[in-house]
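Engineer: Take a look at the following structure, please.
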Amino acid sequence: RVLTDEAGFLTAAWALQQTGKLNAYPEWVNTSAGVRPLREMPPFRPALFSTLVAVAGFATGSSPRTGIYLNELSLAFLLLLAARLGLRIAGVAGAFACLALLALDPGLAACAFSSGYDLLALLLFGLSAAAWGAFTRAKRDADLRLAIAAGVAFATARYEGFFWVFLLIFGARVARGRFPPWRTLALAAVLVWPSLVQRFAAFGPTDVPPGELFRFARMPAQAHDFFFSLLLPMPALGLLALALRPRDLLRPAVALPALFLGVYLGFLLGFPGGAALDPLQGRLFLPFSAALVLALSLGLSRLPGGVRWLAAASVVAVTLPFADDARFWADPMTLETAALGDYVEKSPAEAIFIYPFPSHVAAFHRAAIQPWRYLRDPSRSEE
C-alpha cells in the first residue's frame with residue numbers, strides 16, 4: 001500500500017540518502033551531477049520513520065520496498081510485545097488470544113505491508129506503556145527512564161506522542177511525589193524539540209476553520225462504525241470486557257495509557273478523517289484495536305483455567321470470519337499506485353514522468369514533475 005503519507009516518507013528517505021538532507025523532494029530530475037530537486041519542502045510527517053528507512057537503505061541497498069521490510073520487522077517485535085503482555089495478564093491463554101486477534105486484524109495486515117509509520121509508532125507507544133506499567137509496580141528509575149525514552153521516540157514518529165510524553169512526566173509526579181530527574185527532562189526536551197519545530201515548519205497555521213477540525217455531531221456515527229460495526233468485531237468485544245470490569249481502568253499501570261488513548265480516540269471520532277471503515281483512515285484506529293485486545297485479556301484473567309481457554313478460543317473463532325482486509329487494498333489510490341509502480345519500473349531510468357502526484361513516482365526513486373505548477377508561474381518556465 002502506498003498512500004500520500006507513505007510516498008512522503010520514501011521521498012524524504014531518498015533525499016537523505018542522496019543529499020544528506022531530510023527534505024521532501026516531490027519533484028526532481030536526474031542530472032549528470034546527481035539529483036536536482038525542482039521543489040524542496042520540509043517533510044510533513046515526523047522524521048523517525050524516514051530516517052530509519054534511509055539508514056536501512058545505506059546498509060542493505062536502496063529500494064522503494066525498504067519501508068515495507070522495516071514495518072515487517074516492527075510487526076514481529078509488536079507481536080512479541082503483545083504475547084509478553086498477554087502472558088502476564090492472563091497466562092498462555094491470554095498470549096494466544098493477543099497473538100491470534102492481532103494477526104486477524106485487517107488494519108494490522110494492511111499497515112504491515114505499507115511504508116507508513118503506523119506500526120512503528122504503535123510499537124514505540126506499546127514499549128513506553130509497558131515500561132510505565134513496570135514502573136508503577138516497582139517504582140524503579142530505570143523503568144521510568146525507559147518509558148520516557150520510548151515516549152520521546154514515539155513523539156518523533158507521530159505528533160500525538162508529544163501529549164504522551166507530557167502525561168508520563170506528570171504521571172511520574174503523581175505516582176511517586178516528584179518529577180523525573182532534571183537531566184532526564186532536559187534530554188527529553190532536546191530530543192523532542194526538532195519534531196515540534198518540524199510540525200509547524202511543515203504545516204504552519206491550518207486554513208481549516210476551527211469548527212471543522214472537531215465536531216461533536218460526527219462522534220455518534222463514527223463511534224458506531226468503530227465499536228459496533230460487524231466488520232470490526234474486536235473493538236466491541238474489548239469494550240464489553242471493559243464494561244464488565246470498569247475498575248480495571250483505574251489500575252495504576254492502565255490508567256495513564258487509558259487516559260491518553262481515550263482523549264486521542266475522542267478527538268479522532270470528532271475529526272473529519274476519523275472514519276474507521278474508510279480504507280485510508282482505518283489505520284488511525286490501530287492503537288485502539290490493539291488496546292482493546294489487551295482489554296479482552298484482562299477479561300480472560302478473571303476466568304478459571306479451563307474456561308479461560310474455552311473463552312479465548314471462542315473469541316478467536318467469532319472473529320475469524322471477519323478478518324477480511326480486502327477493503328484496505330481495494331481503494332482506488334492503492335490500485336492506481338500499484339499499476340503506476342509496474343509502469344515506472346519498466347520504463348527507462350532517464351525518463352521524467354508527468355503525474356498529478358509526483359511524490360508517488362518519487363517513491364520509486366524516479367524523476368517526476370507536476371507540469372501545471374510551472375505553467376502557472378512564468379518565472380519558472382525555464383525549469
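Identifiers for the C-alpha cells are assigned positionally: chains receive A, B, ... in sequence, residues are indexed from 1 per chain, and ligands are indexed from 1 in the order shown.
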Which residues are close to region 131-148 of chain A, i.e. within 8 Å by only C-alpha atoms, leaving aside same-chain residues fewer than 6 positions away? Reply as a PDB file with all heavy atoms, in the first residue's frame.

Structural biologist:
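The result, stored in result_1.pdb:
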```pdb
ATOM      1  N   VAL A 165       4.223  12.043  26.153  1.00  0.00           N
ATOM      2  CA  VAL A 165       5.389  12.414  26.965  1.00  0.00           C
ATOM      3  C   VAL A 165       4.963  13.352  28.098  1.00  0.00           C
ATOM      4  O   VAL A 165       5.416  13.213  29.247  1.00  0.00           O
ATOM      5  CB  VAL A 165       6.475  13.064  26.087  1.00  0.00           C
ATOM      6  CG1 VAL A 165       7.625  13.597  26.937  1.00  0.00           C
ATOM      7  CG2 VAL A 165       7.007  12.058  25.068  1.00  0.00           C
ATOM      8  N   LEU A 168       3.381  11.283  30.773  1.00  0.00           N
ATOM      9  CA  LEU A 168       4.371  10.498  31.514  1.00  0.00           C
ATOM     10  C   LEU A 168       5.050  11.350  32.589  1.00  0.00           C
ATOM     11  O   LEU A 168       5.240  10.892  33.731  1.00  0.00           O
ATOM     12  CB  LEU A 168       5.430   9.948  30.553  1.00  0.00           C
ATOM     13  CG  LEU A 168       5.063   8.732  29.711  1.00  0.00           C
ATOM     14  CD1 LEU A 168       6.192   8.411  28.743  1.00  0.00           C
ATOM     15  CD2 LEU A 168       4.772   7.527  30.596  1.00  0.00           C
ATOM     16  N   ILE A 169       5.423  12.549  32.228  1.00  0.00           N
ATOM     17  CA  ILE A 169       6.134  13.414  33.185  1.00  0.00           C
ATOM     18  C   ILE A 169       5.246  13.734  34.383  1.00  0.00           C
ATOM     19  O   ILE A 169       5.669  13.612  35.535  1.00  0.00           O
ATOM     20  CB  ILE A 169       6.605  14.693  32.466  1.00  0.00           C
ATOM     21  CG1 ILE A 169       7.697  14.338  31.451  1.00  0.00           C
ATOM     22  CG2 ILE A 169       7.132  15.714  33.471  1.00  0.00           C
ATOM     23  CD1 ILE A 169       8.078  15.472  30.538  1.00  0.00           C
ATOM     24  N   ALA A 172       4.479  10.606  36.521  1.00  0.00           N
ATOM     25  CA  ALA A 172       5.556  10.277  37.462  1.00  0.00           C
ATOM     26  C   ALA A 172       5.452  11.145  38.715  1.00  0.00           C
ATOM     27  O   ALA A 172       5.702  10.681  39.831  1.00  0.00           O
ATOM     28  CB  ALA A 172       6.912  10.472  36.793  1.00  0.00           C
ATOM     29  N   ALA A 175       2.664   9.584  40.733  1.00  0.00           N
ATOM     30  CA  ALA A 175       2.937   8.230  41.215  1.00  0.00           C
ATOM     31  C   ALA A 175       3.937   8.194  42.366  1.00  0.00           C
ATOM     32  O   ALA A 175       3.820   7.367  43.274  1.00  0.00           O
ATOM     33  CB  ALA A 175       3.443   7.359  40.051  1.00  0.00           C
ATOM     34  N   ARG A 176       4.927   9.072  42.359  1.00  0.00           N
ATOM     35  CA  ARG A 176       5.953   8.991  43.409  1.00  0.00           C
ATOM     36  C   ARG A 176       6.241  10.326  44.105  1.00  0.00           C
ATOM     37  O   ARG A 176       7.180  10.423  44.896  1.00  0.00           O
ATOM     38  CB  ARG A 176       7.244   8.423  42.842  1.00  0.00           C
ATOM     39  CG  ARG A 176       7.929   9.293  41.805  1.00  0.00           C
ATOM     40  CD  ARG A 176       9.244   8.664  41.386  1.00  0.00           C
ATOM     41  NE  ARG A 176       9.996   9.547  40.501  1.00  0.00           N
ATOM     42  CZ  ARG A 176      11.215   9.272  40.052  1.00  0.00           C
ATOM     43  NH1 ARG A 176      11.799   8.137  40.408  1.00  0.00           N
ATOM     44  NH2 ARG A 176      11.840  10.101  39.266  1.00  0.00           N
ATOM     45  N   PRO A 180      10.488  13.479  37.260  1.00  0.00           N
ATOM     46  CA  PRO A 180      11.730  12.784  36.893  1.00  0.00           C
ATOM     47  C   PRO A 180      12.928  13.716  37.059  1.00  0.00           C
ATOM     48  O   PRO A 180      12.777  14.940  37.102  1.00  0.00           O
ATOM     49  CB  PRO A 180      11.500  12.414  35.421  1.00  0.00           C
ATOM     50  CG  PRO A 180      10.025  12.422  35.238  1.00  0.00           C
ATOM     51  CD  PRO A 180       9.496  13.463  36.167  1.00  0.00           C
ATOM     52  N   THR A 184      16.949  14.014  32.875  1.00  0.00           N
ATOM     53  CA  THR A 184      16.041  13.255  32.010  1.00  0.00           C
ATOM     54  C   THR A 184      15.094  14.182  31.275  1.00  0.00           C
ATOM     55  O   THR A 184      14.863  14.035  30.060  1.00  0.00           O
ATOM     56  CB  THR A 184      15.245  12.241  32.848  1.00  0.00           C
ATOM     57  OG1 THR A 184      16.144  11.362  33.526  1.00  0.00           O
ATOM     58  CG2 THR A 184      14.313  11.423  31.965  1.00  0.00           C
ATOM     59  N   ALA A 188      14.986  14.868  27.238  1.00  0.00           N
ATOM     60  CA  ALA A 188      13.730  14.635  26.515  1.00  0.00           C
ATOM     61  C   ALA A 188      13.325  15.875  25.737  1.00  0.00           C
ATOM     62  O   ALA A 188      12.892  15.789  24.569  1.00  0.00           O
ATOM     63  CB  ALA A 188      12.632  14.229  27.499  1.00  0.00           C
ATOM     64  N   PRO A 252      -3.081   1.435  38.362  1.00  0.00           N
ATOM     65  CA  PRO A 252      -2.009   2.402  38.059  1.00  0.00           C
ATOM     66  C   PRO A 252      -1.321   2.155  36.722  1.00  0.00           C
ATOM     67  O   PRO A 252      -0.980   3.098  36.009  1.00  0.00           O
ATOM     68  CB  PRO A 252      -1.040   2.225  39.237  1.00  0.00           C
ATOM     69  CG  PRO A 252      -1.887   1.712  40.351  1.00  0.00           C
ATOM     70  CD  PRO A 252      -2.924   0.835  39.705  1.00  0.00           C
ATOM     71  N   ALA A 253      -1.126   0.872  36.370  1.00  0.00           N
ATOM     72  CA  ALA A 253      -0.437   0.561  35.118  1.00  0.00           C
ATOM     73  C   ALA A 253      -1.303   0.844  33.895  1.00  0.00           C
ATOM     74  O   ALA A 253      -0.787   1.034  32.788  1.00  0.00           O
ATOM     75  CB  ALA A 253      -0.002  -0.904  35.105  1.00  0.00           C
ATOM     76  N   VAL A 254      -2.625   0.894  34.084  1.00  0.00           N
ATOM     77  CA  VAL A 254      -3.557   1.026  32.959  1.00  0.00           C
ATOM     78  C   VAL A 254      -4.083   2.441  32.818  1.00  0.00           C
ATOM     79  O   VAL A 254      -4.367   2.906  31.705  1.00  0.00           O
ATOM     80  CB  VAL A 254      -4.732   0.031  33.143  1.00  0.00           C
ATOM     81  CG1 VAL A 254      -5.771   0.203  32.037  1.00  0.00           C
ATOM     82  CG2 VAL A 254      -4.218  -1.396  33.172  1.00  0.00           C
TER      83      VAL A 254
END
```

Engineer: So which residues touch Gly126 (chain A) within 9 Å, counting only C-alpha atoms, skipping near sequence neighbours fewer than 4 positions away, as a list of chain:residue names?

Structural biologist: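 Neighbouring residues, sequence-local ones excluded: A:Leu78, A:Leu81, A:Ala82, A:Ala121, A:Leu122, A:Ala130, A:Ala131, A:Ala150, A:Pro287.
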
Engineer: Have a look at A:Pro220, A:Pro181, A:Gly299, A:Pro348 and name the one nearest to Gly94 (chain A); count only C-alpha atoms.

Structural biologist: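 Result for the nearest residue to Gly94 (chain A): A:Gly299.
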
Engineer: Please list as a list in words every residue within 7 Å of region 72-76 of chain A, counting only C-alpha atoms and excluding residues in the same chain fewer than 6 positions away.

Structural biologist: Ala112, Leu119, Leu120 and Leu123 of chain A

Engineer: Take the residues from that selection and put them in a file with C-alpha atoms, as a PDB file, in the first residue's frame.

Structural biologist:
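So the final result, stored in out.pdb, reads:
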```pdb
ATOM      1  CA  ALA A 112       2.497  -4.307   7.836  1.00  0.00           C
ATOM      2  CA  LEU A 119       3.231   0.151  13.090  1.00  0.00           C
ATOM      3  CA  LEU A 120       6.482   1.714  14.246  1.00  0.00           C
ATOM      4  CA  LEU A 123       5.389  -0.414  18.776  1.00  0.00           C
TER       5      LEU A 123
END
```

Engineer: So how far away is CA of Arg173 (chain A) from CA of Leu191 (chain A), in Å?

Structural biologist: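 Going from CA of Leu191 (chain A) over to CA of Arg173 (chain A), I get 20.9 Å.
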
Engineer: Any idea what's packed within 12 Å of Gly305 (chain A), counting only C-alpha atoms, ignoring anything in its chain fewer than 2 positions away? Could you give it as an NGL selection string?

Structural biologist: :A and (90-94 or 300-303 or 307-312)

Engineer: Work out how far apart CA of Ala295 (chain A) and CA of Asp278 (chain A) are and give it in Å to one decimal.

Structural biologist: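 So the answer is 24.3 Å.
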
Engineer: Which residues are near Ala223 (chain A)? Cut-off 12 Å, only C-alpha atoms, ignore same chain within fewer than 2 positions. Put them as a list in words.

Structural biologist: Phe216, Ala217, Arg218, Met219, Pro220, Ala221, Asp225, Phe226, Phe227, Phe228, Ser229, Leu232, Pro235, Ala236, Leu239, Leu265, Gly266, Phe267, Leu268, Leu269, Gly270, Phe271, Gly274, Ala275, Ala276, Leu277, Phe285 and Phe288 of chain A

Engineer: Could you dump the residues just selected with N, CA, C and O atoms as a CSV table (one decimal), in the first residue's frame?

Structural biologist:
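File written: out-v3.csv
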```
chain,number,residue,atom,x,y,z
A,216,PHE,N,-18.7,17.6,17.5
A,216,PHE,CA,-19.4,16.5,18.3
A,216,PHE,C,-20.4,15.8,17.5
A,216,PHE,O,-20.7,14.6,17.8
A,217,ALA,N,-21.0,16.4,16.5
A,217,ALA,CA,-22.0,15.8,15.7
A,217,ALA,C,-21.5,14.6,14.9
A,217,ALA,O,-22.3,13.7,14.6
A,218,ARG,N,-20.2,14.5,14.7
A,218,ARG,CA,-19.6,13.4,14.0
A,218,ARG,C,-19.5,12.2,14.9
A,218,ARG,O,-19.4,11.0,14.4
A,219,MET,N,-19.4,12.4,16.2
A,219,MET,CA,-18.9,11.3,17.1
A,219,MET,C,-19.9,10.1,17.1
A,219,MET,O,-19.4,9.0,17.0
A,220,PRO,N,-21.2,10.2,17.2
A,220,PRO,CA,-22.0,9.0,17.3
A,220,PRO,C,-21.9,8.1,16.1
A,220,PRO,O,-21.7,6.9,16.3
A,221,ALA,N,-21.9,8.6,14.9
A,221,ALA,CA,-21.8,7.8,13.7
A,221,ALA,C,-20.4,7.1,13.6
A,221,ALA,O,-20.3,5.9,13.3
A,225,ASP,N,-19.4,3.1,13.9
A,225,ASP,CA,-18.6,2.3,12.9
A,225,ASP,C,-17.4,1.6,13.5
A,225,ASP,O,-17.1,0.4,13.1
A,226,PHE,N,-16.8,2.2,14.5
A,226,PHE,CA,-15.6,1.5,15.1
A,226,PHE,C,-16.0,0.5,16.1
A,226,PHE,O,-15.5,-0.7,16.1
A,227,PHE,N,-16.9,0.8,17.0
A,227,PHE,CA,-17.2,-0.2,18.1
A,227,PHE,C,-18.3,-1.2,17.7
A,227,PHE,O,-18.2,-2.4,18.3
A,228,PHE,N,-19.2,-0.9,16.9
A,228,PHE,CA,-20.4,-1.8,16.8
A,228,PHE,C,-20.6,-2.3,15.3
A,228,PHE,O,-21.6,-2.9,15.0
A,229,SER,N,-19.7,-2.0,14.4
A,229,SER,CA,-19.8,-2.5,13.1
A,229,SER,C,-19.5,-4.0,13.0
A,229,SER,O,-18.5,-4.4,13.7
A,232,LEU,N,-15.9,-5.0,12.2
A,232,LEU,CA,-14.8,-4.8,13.2
A,232,LEU,C,-15.3,-5.4,14.5
A,232,LEU,O,-15.7,-4.7,15.4
A,235,PRO,N,-13.2,-4.5,18.5
A,235,PRO,CA,-13.5,-3.4,19.5
A,235,PRO,C,-14.7,-3.6,20.3
A,235,PRO,O,-14.7,-3.2,21.5
A,236,ALA,N,-15.8,-4.2,19.7
A,236,ALA,CA,-17.0,-4.4,20.5
A,236,ALA,C,-16.7,-5.4,21.6
A,236,ALA,O,-17.2,-5.2,22.8
A,239,LEU,N,-14.7,-3.6,24.3
A,239,LEU,CA,-15.5,-2.7,25.1
A,239,LEU,C,-16.4,-3.4,26.0
A,239,LEU,O,-16.6,-2.9,27.2
A,265,LEU,N,-8.8,9.0,21.1
A,265,LEU,CA,-9.9,8.5,20.4
A,265,LEU,C,-11.1,9.5,20.3
A,265,LEU,O,-11.8,9.6,19.3
A,266,GLY,N,-11.3,10.2,21.4
A,266,GLY,CA,-12.4,11.2,21.4
A,266,GLY,C,-12.2,12.2,20.4
A,266,GLY,O,-13.1,12.6,19.6
A,267,PHE,N,-10.9,12.7,20.2
A,267,PHE,CA,-10.6,13.7,19.2
A,267,PHE,C,-10.8,13.1,17.8
A,267,PHE,O,-11.3,13.7,16.9
A,268,LEU,N,-10.3,11.8,17.6
A,268,LEU,CA,-10.4,11.2,16.3
A,268,LEU,C,-11.8,11.0,15.9
A,268,LEU,O,-12.2,11.2,14.7
A,269,LEU,N,-12.7,10.6,16.8
A,269,LEU,CA,-14.1,10.4,16.4
A,269,LEU,C,-14.8,11.7,16.0
A,269,LEU,O,-15.8,11.6,15.3
A,270,GLY,N,-14.3,12.8,16.5
A,270,GLY,CA,-14.9,14.1,16.1
A,270,GLY,C,-14.2,14.8,14.9
A,270,GLY,O,-14.5,15.8,14.5
A,271,PHE,N,-13.1,14.1,14.4
A,271,PHE,CA,-12.2,14.7,13.4
A,271,PHE,C,-12.8,14.3,12.0
A,271,PHE,O,-13.4,13.2,11.8
A,274,GLY,N,-11.8,10.7,10.7
A,274,GLY,CA,-11.9,9.7,11.7
A,274,GLY,C,-12.9,8.6,11.4
A,274,GLY,O,-13.7,8.1,12.2
A,275,ALA,N,-13.0,8.1,10.1
A,275,ALA,CA,-13.9,7.1,9.7
A,275,ALA,C,-13.2,5.7,9.8
A,275,ALA,O,-12.3,5.4,9.0
A,276,ALA,N,-13.6,4.9,10.7
A,276,ALA,CA,-12.9,3.7,11.0
A,276,ALA,C,-13.0,2.7,9.8
A,276,ALA,O,-12.2,1.8,9.6
A,277,LEU,N,-14.1,2.8,9.1
A,277,LEU,CA,-14.3,1.8,8.0
A,277,LEU,C,-13.8,2.3,6.6
A,277,LEU,O,-13.9,1.6,5.6
A,285,PHE,N,-7.0,3.9,13.6
A,285,PHE,CA,-7.6,3.2,14.8
A,285,PHE,C,-6.9,2.0,15.3
A,285,PHE,O,-7.3,1.4,16.2
A,288,PHE,N,-6.2,1.7,19.1
A,288,PHE,CA,-7.3,1.4,19.9
A,288,PHE,C,-7.7,-0.1,19.8
A,288,PHE,O,-8.1,-0.7,20.8
```

Engineer: Measuring between only C-alpha atoms, which one of A:Ala47, A:Leu16, A:Tyr355, A:Gly8 shows the shortest distance to Val197 (chain A)?

Structural biologist: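 Closest to Val197 (chain A) of all the choices is A:Ala47.
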
Engineer: What does the distance from CA of Leu101 (chain A) to CA of Val315 (chain A) come to in Å, to one decimal?

Structural biologist: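 Between CA of Leu101 (chain A) and CA of Val315 (chain A) the gap works out to 8.4 Å.
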
Engineer: Which one is closest to Ala338 (chain A): A:Ala363, A:Ile352, A:Leu124, A:Cys98? Count only C-alpha atoms.

Structural biologist: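 Checking each of A:Ala363, A:Ile352, A:Leu124, A:Cys98 against Ala338 (chain A), counting only C-alpha atoms, the winner is A:Ala363.
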
Engineer: As a ChimeraX atom specification, which residues of region 161-318 of chain A does DSSP assign to helix (DSSP H, G or I)?

Structural biologist: /A:161-176,182-203,210-213,216-227,233-244,246-250,252-269,282-300,305-318

Engineer: Which residue is closest to Ser128 (chain A)? Choose from A:Val152, A:Leu240, A:Ala110, A:Ile89 and count only C-alpha atoms.

Structural biologist: A:Val152
